[in-house]
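File shown: protein_12.txt (compact mmCIF, C-alpha atoms and all ligand atoms).
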# COMPACT_ATOMS: atom_id res chain seq x y z
CA MET A 73 17.57 31.72 -14.41
CA ALA A 74 14.21 30.03 -14.08
CA ALA A 75 14.32 26.50 -12.69
CA LEU A 76 14.20 23.76 -15.31
CA LYS A 77 12.13 21.46 -13.13
CA GLY A 78 8.89 22.20 -11.32
CA PRO A 79 5.58 23.85 -12.20
CA GLY A 80 7.12 27.23 -13.09
CA ALA A 81 6.34 30.51 -11.37
CA PRO A 82 3.05 30.09 -9.52
CA LYS A 83 0.10 31.77 -11.23
CA SER A 84 -2.10 33.68 -8.90
CA TYR A 85 -5.57 32.27 -8.25
CA ASP A 86 -8.10 33.55 -5.75
CA GLY A 87 -8.82 30.75 -3.31
CA SER A 88 -11.07 32.77 -1.03
CA GLY A 89 -14.22 30.99 -2.25
CA LEU A 90 -12.79 27.48 -1.98
CA ARG A 91 -13.22 24.66 0.50
CA ILE A 92 -10.27 22.28 0.63
CA GLY A 93 -9.89 18.89 2.32
CA ILE A 94 -6.48 17.57 3.32
CA ILE A 95 -5.82 13.96 4.33
CA HIS A 96 -2.34 13.13 5.49
CA ALA A 97 -0.66 9.94 6.62
CA ARG A 98 1.31 9.95 9.88
CA TRP A 99 4.18 7.65 8.86
CA ASN A 100 7.44 9.63 8.64
CA THR A 101 5.99 12.42 10.74
CA THR A 102 8.86 14.90 10.54
CA LEU A 103 8.55 15.04 6.77
CA ILE A 104 4.75 15.01 6.87
CA ASP A 105 4.64 17.93 9.32
CA ALA A 106 6.88 20.06 7.10
CA LEU A 107 4.93 19.18 3.95
CA LEU A 108 1.62 19.90 5.65
CA ASP A 109 2.98 23.22 6.80
CA GLY A 110 4.05 24.11 3.23
CA THR A 111 0.64 23.10 1.91
CA LYS A 112 -1.21 25.21 4.45
CA LYS A 113 1.02 28.23 3.78
CA ALA A 114 0.29 28.03 0.04
CA LEU A 115 -3.45 27.78 0.69
CA ALA A 116 -3.35 30.77 3.05
CA GLN A 117 -1.33 32.78 0.55
CA ALA A 118 -3.99 32.12 -2.10
CA GLY A 119 -6.67 33.39 0.26
CA VAL A 120 -8.24 30.08 1.31
CA LYS A 121 -9.81 30.74 4.69
CA ASP A 122 -8.66 28.68 7.65
CA GLU A 123 -12.22 27.72 8.50
CA ASN A 124 -12.66 26.30 4.98
CA ILE A 125 -9.78 23.86 5.30
CA VAL A 126 -10.51 20.48 6.87
CA ILE A 127 -7.54 18.32 7.86
CA GLN A 128 -7.78 14.63 8.73
CA SER A 129 -5.04 12.11 9.34
CA VAL A 130 -4.69 8.37 8.81
CA PRO A 131 -1.95 5.98 10.00
CA GLY A 132 -0.20 5.31 6.69
CA SER A 133 -0.28 6.12 3.00
CA TYR A 134 -2.15 2.95 2.17
CA GLU A 135 -5.19 4.40 3.94
CA LEU A 136 -5.20 7.60 1.86
CA PRO A 137 -7.57 6.65 -1.00
CA TYR A 138 -10.26 5.29 1.31
CA ALA A 139 -10.00 8.32 3.62
CA VAL A 140 -10.12 10.81 0.75
CA LYS A 141 -13.21 9.09 -0.57
CA GLN A 142 -14.91 9.15 2.84
CA LEU A 143 -14.02 12.78 3.52
CA TYR A 144 -15.35 13.90 0.16
CA SER A 145 -18.55 11.88 0.54
CA ALA A 146 -19.06 13.31 4.03
CA SER A 147 -18.74 16.84 2.66
CA GLN A 148 -21.38 16.07 0.04
CA VAL A 149 -23.75 14.71 2.69
CA GLN A 150 -23.02 17.68 4.96
CA SER A 151 -23.73 20.04 2.10
CA SER A 152 -27.09 18.47 1.28
CA SER A 153 -28.14 18.15 4.93
CA THR A 154 -27.24 21.75 5.75
CA GLY A 155 -29.34 22.63 2.72
CA VAL A 156 -32.23 20.89 4.45
CA VAL A 157 -31.44 22.64 7.72
CA GLY A 158 -31.24 25.95 5.89
CA ALA A 159 -34.62 25.36 4.29
CA ALA A 160 -36.04 24.42 7.69
CA ALA A 161 -34.61 27.65 9.10
CA ASP A 162 -36.44 29.66 6.50
CA LEU A 163 -39.68 27.88 7.35
CA LEU A 164 -39.32 28.01 11.12
CA GLY A 165 -37.46 31.28 11.36
CA SER A 166 -35.70 30.19 14.55
CA ALA A 167 -32.12 29.04 15.01
CA SER A 168 -32.85 27.40 18.39
CA ASP A 169 -35.48 25.13 16.81
CA LEU A 170 -32.83 23.94 14.39
CA THR A 171 -30.63 22.58 17.13
CA GLN A 172 -33.51 20.41 18.29
CA LEU A 173 -34.29 19.25 14.76
CA ASN A 174 -30.85 17.66 14.52
CA LEU A 175 -31.11 16.83 10.85
CA GLY A 176 -27.57 15.66 10.58
CA GLY A 177 -25.80 18.86 9.59
CA THR A 178 -22.79 19.67 11.74
CA SER A 179 -23.97 23.21 12.27
CA SER A 180 -27.00 25.18 11.30
CA SER A 181 -26.58 27.71 8.55
CA THR A 182 -27.84 30.42 10.88
CA SER A 183 -25.35 29.84 13.68
CA LYS A 184 -22.13 29.13 11.79
CA ASP A 185 -19.46 31.67 10.99
CA SER A 186 -20.63 33.36 7.80
CA SER A 187 -17.30 32.75 6.05
CA GLN A 188 -17.34 29.02 6.86
CA SER A 189 -18.49 26.90 3.94
CA THR A 190 -20.44 23.67 4.12
CA ALA A 191 -20.20 23.11 0.36
CA PRO A 192 -18.55 19.91 -0.87
CA PHE A 193 -14.79 20.24 -1.19
CA ASP A 194 -13.55 21.97 -4.33
CA ALA A 195 -10.32 19.98 -4.16
CA LEU A 196 -8.67 17.43 -1.91
CA ILE A 197 -5.00 16.94 -1.14
CA ALA A 198 -3.63 13.53 -0.16
CA ILE A 199 -0.27 13.69 1.60
CA GLY A 200 1.95 10.74 2.40
CA VAL A 201 5.62 9.80 2.51
CA LEU A 202 6.75 6.35 1.42
CA ILE A 203 10.37 5.44 1.94
CA LYS A 204 11.72 2.40 0.14
CA GLY A 205 12.83 -0.40 2.45
CA GLU A 206 14.22 -3.86 1.89
CA THR A 207 11.00 -5.52 0.78
CA MET A 208 8.47 -4.99 -2.01
CA HIS A 209 6.19 -3.09 0.37
CA PHE A 210 7.07 0.30 -1.15
CA GLU A 211 6.29 -0.79 -4.70
CA TYR A 212 2.89 -2.27 -3.81
CA ILE A 213 1.76 0.68 -1.71
CA SER A 214 2.97 3.41 -4.06
CA GLU A 215 1.31 1.75 -7.04
CA ALA A 216 -1.96 1.04 -5.21
CA VAL A 217 -2.22 4.52 -3.73
CA SER A 218 -1.36 6.29 -7.00
CA HIS A 219 -4.01 4.33 -8.88
CA GLY A 220 -6.52 4.70 -6.06
CA LEU A 221 -6.17 8.47 -5.96
CA MET A 222 -6.32 8.82 -9.74
CA ARG A 223 -9.46 6.70 -9.84
CA LEU A 224 -11.05 8.77 -7.13
CA GLN A 225 -10.59 12.07 -8.91
CA LEU A 226 -11.84 10.76 -12.23
CA GLU A 227 -14.80 8.83 -10.84
CA GLY A 228 -15.59 11.37 -8.10
CA ASN A 229 -15.20 14.29 -10.50
CA VAL A 230 -13.17 16.25 -7.98
CA PRO A 231 -9.48 17.18 -8.10
CA VAL A 232 -7.34 15.01 -5.84
CA ILE A 233 -3.86 16.43 -5.57
CA PHE A 234 -1.10 13.82 -5.46
CA GLY A 235 0.94 14.68 -2.40
CA LEU A 236 2.65 11.33 -2.12
CA LEU A 237 6.43 11.35 -1.97
CA THR A 238 7.94 8.03 -3.06
CA LEU A 239 11.47 8.22 -1.77
CA LEU A 240 14.57 6.09 -2.12
CA SER A 241 16.12 7.60 1.02
CA GLU A 242 15.29 9.78 4.00
CA GLU A 243 17.66 12.40 2.66
CA GLN A 244 15.58 12.78 -0.51
CA GLY A 245 12.63 13.48 1.76
CA LEU A 246 14.41 16.19 3.71
CA TYR A 247 15.16 18.04 0.47
CA ARG A 248 11.62 17.62 -0.83
CA ALA A 249 10.19 18.92 2.41
CA GLY A 250 12.59 21.89 2.40
CA ILE A 251 14.22 20.92 5.71
CA ALA A 252 17.60 19.54 4.58
CA GLY A 253 21.04 20.78 5.60
CA ALA A 254 22.46 22.08 8.86
CA GLY A 255 20.07 25.03 8.90
CA LYS A 256 17.13 22.72 8.10
CA ASN A 257 16.04 25.03 5.30
CA GLU A 258 17.54 23.51 2.16
CA GLY A 259 15.54 22.01 -0.69
CA HIS A 260 12.05 22.81 -1.87
CA ASN A 261 8.91 22.14 0.10
CA HIS A 262 6.62 20.26 -2.28
CA GLY A 263 3.67 21.01 -0.05
CA THR A 264 3.72 24.51 -1.52
CA ASP A 265 3.16 23.08 -5.00
CA TRP A 266 0.34 20.85 -3.74
CA GLY A 267 -1.44 23.79 -2.10
CA ASN A 268 -1.09 25.86 -5.28
CA ALA A 269 -2.30 22.97 -7.44
CA ALA A 270 -5.38 22.51 -5.23
CA VAL A 271 -6.30 26.18 -5.55
CA GLU A 272 -5.74 26.27 -9.31
CA LEU A 273 -7.79 23.12 -9.91
CA GLY A 274 -10.46 24.17 -7.43
CA VAL A 275 -10.90 27.49 -9.20
CA LYS A 276 -10.78 26.00 -12.71
CA ARG A 277 -13.25 23.32 -11.74
CA LYS A 278 -15.88 26.02 -11.29
CA GLY A 279 -15.59 26.89 -14.98
CA TRP A 280 -13.16 25.60 -17.57
CA VAL A 281 -14.37 27.78 -20.42
C1 LIG A 301 3.78 -0.48 7.01
C2 LIG A 301 4.32 0.77 6.40
C3 LIG A 301 5.68 0.87 6.03
C4 LIG A 301 6.63 -0.25 6.21
N1 LIG A 301 6.17 1.99 5.51
C5 LIG A 301 5.37 3.06 5.34
C6 LIG A 301 5.86 4.26 4.79
O1 LIG A 301 7.05 4.45 4.49
N2 LIG A 301 4.99 5.28 4.61
C7 LIG A 301 3.66 5.18 4.92
O2 LIG A 301 2.92 6.15 4.72
N3 LIG A 301 3.17 4.04 5.46
C8 LIG A 301 3.97 3.00 5.67
N4 LIG A 301 3.48 1.84 6.22
C9 LIG A 301 2.06 1.81 6.67
C10 LIG A 301 1.04 1.49 5.57
O3 LIG A 301 0.87 2.58 4.71
C11 LIG A 301 -0.34 1.17 6.20
O4 LIG A 301 -0.69 2.16 7.12
C12 LIG A 301 -0.35 -0.17 6.92
O5 LIG A 301 0.11 -1.20 6.06
C13 LIG A 301 -1.77 -0.52 7.42
O6 LIG A 301 -2.68 -0.61 6.33
Could the structure of this file be written out as structure tokens, please?
Ligand code: DLZ
Amino acid sequence: MAALKGPGAPKSYDGSGLRIGIIHARWNTTLIDALLDGTKKALAQAGVKDENIVIQSVPGSYELPYAVKQLYSASQVQSSSTGVVGAAADLLGSASDLTQLNLGGTSSSTSKDSSQSTAPFDALIAIGVLIKGETMHFEYISEAVSHGLMRLQLEGNVPVIFGLLTLLSEEQGLYRAGIAGAGKNEGHNHGTDWGNAAVELGVKRKGWV
């Protein structure tokens, strides 16, 4: 019987043309590592190329909205500056001259791997794990981060996948990262859903109708 909860059977989307940015917090590392792993597996399964996935980390979940914003902005700048470098390449016709020009692109369009994209990210995934403690810390951070990420995707016009687990116990986290039980393989890794959501939104973003 199909599961009652969850996004249903994953639809298949071709992620081979996408560039995805992942920002993850480092608090609660065991859970983060498993969730990141699940996310990356889903992206790979959808055909997103390794070289088109950029992963950055921040100390805690509170830093996620700022970091997502910076990473996305940097990809927009990189995209426009490599456009300039590319145009210069056409004019100069020499890759070695481009290195000396140093126009701010991280790599010249003539020397980079041809499957590596310098386009702005098609979707971003923010991953964090908040575990409720004895103070109000959890409530403030989960609310601030949720609103921050929602604001970013609406104002930035880019999908920001909500990979923030807001847990009442460590055990809940183990199940949601798919590493519960004696065999460390019980539960469902939510990272898989986040990777799939990023691909679906990234593809749909290129044309809704
Ligand atoms: C301080 C803190 C605490 C107590 N708990 C968590 C947590 O469960 N998950 C998480 O991602 N981060 C936690 N942090 C760190 C904050 O998110 C943040 O990094 C610091 O307050 C510095 O801004």
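Nearest residue to Tyr138 in chain A, choosing from A:Leu221, A:Ser151, A:Ser187, A:Val120 and counting all atoms listed in the file: A:Leu221.
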Contacts to ligand LIG 301 (chain A) at 8 Å cut-off (all atoms listed in the file) as a PDB file with C-alpha atoms, keeping the file's coordinate frame:
ATOM      1  CA  ALA A  97      -0.660   9.940   6.620  1.00  0.00           C
ATOM      2  CA  ARG A  98       1.310   9.950   9.880  1.00  0.00           C
ATOM      3  CA  TRP A  99       4.180   7.650   8.860  1.00  0.00           C
ATOM      4  CA  ASN A 100       7.440   9.630   8.640  1.00  0.00           C
ATOM      5  CA  VAL A 130      -4.690   8.370   8.810  1.00  0.00           C
ATOM      6  CA  PRO A 131      -1.950   5.980  10.000  1.00  0.00           C
ATOM      7  CA  GLY A 132      -0.200   5.310   6.690  1.00  0.00           C
ATOM      8  CA  SER A 133      -0.280   6.120   3.000  1.00  0.00           C
ATOM      9  CA  TYR A 134      -2.150   2.950   2.170  1.00  0.00           C
ATOM     10  CA  GLU A 135      -5.190   4.400   3.940  1.00  0.00           C
ATOM     11  CA  GLY A 200       1.950  10.740   2.400  1.00  0.00           C
ATOM     12  CA  VAL A 201       5.620   9.800   2.510  1.00  0.00           C
ATOM     13  CA  LEU A 202       6.750   6.350   1.420  1.00  0.00           C
ATOM     14  CA  ILE A 203      10.370   5.440   1.940  1.00  0.00           C
ATOM     15  CA  LYS A 204      11.720   2.400   0.140  1.00  0.00           C
ATOM     16  CA  GLY A 205      12.830  -0.400   2.450  1.00  0.00           C
ATOM     17  CA  HIS A 209       6.190  -3.090   0.370  1.00  0.00           C
ATOM     18  CA  PHE A 210       7.070   0.300  -1.150  1.00  0.00           C
ATOM     19  CA  ILE A 213       1.760   0.680  -1.710  1.00  0.00           C
TER      20      ILE A 213
END
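Going from CA of Glu215 in chain A to CA of Leu236 in chain A covers 10.9 Å.
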inquiry  = Just to confirm, what's the straight-line distance from CA of Val275 in chain A to CA of Gly87 in chain A in Å (one decimal)?
reply    =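 Computing it gives 7.0 Å between the two atoms.
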query = When distances are computed from only C-alpha atoms, which of A:Ala75, A:Lys276, A:Leu240, A:Gly93 shows the smallest separation from Gln142 in chain A?
reply = A:Gly93
task = State, in Å with one decimal place, the distance from CA of Met208 in chain A to CA of Phe234 in chain A.
result =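 Rounded to one decimal, the two atoms are 21.4 Å apart.
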message = Nearest residue to Asp105 in chain A out of A:Leu224, A:Ile199, A:Val232, A:Leu90, using all atoms listed in the file?
response =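 Smallest distance to Asp105 in chain A is found for A:Ile199.
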query = So which one's closest to Gly274 in chain A, A:Leu226, A:Ala195, A:Ala118, A:Leu239? Using all atoms listed in the file, please.
reply =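 Of the candidates, the smallest distance to Gly274 in chain A is held by A:Ala195.
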query = Hey, can you pull every residue with an atom no more than 9 Å from (-10.0, 19.6, 4.8), using only C-alpha atoms, and send it as a PyMOL selection string?
reply = chain A and resi 91-95+124-128+143+193+195-197
key: Contact residues around Thr264 in chain A with only C-alpha atoms at 10 Å, ignoring same-chain residues under 6 positions, as a VMD selection string   = chain A and resid 82 107 to 115 117 249
request  = Could you pull out every residue with an atom within 12 Å of (14.5, 16.7, -0.1), file coordinates, counting all atoms listed in the file, and send them as a list in words?
outcome  =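 The residues that fall inside the cut-off are Leu103, Ala106, Leu107, Val201, Leu237, Thr238, Leu239, Leu240, Ser241, Glu242, Glu243, Gln244, Gly245, Leu246, Tyr247, Arg248, Ala249, Gly250, Ile251, Ala252, Gly253, Lys256, Asn257, Glu258, Gly259, His260, Asn261, His262 and Gly263 of chain A.
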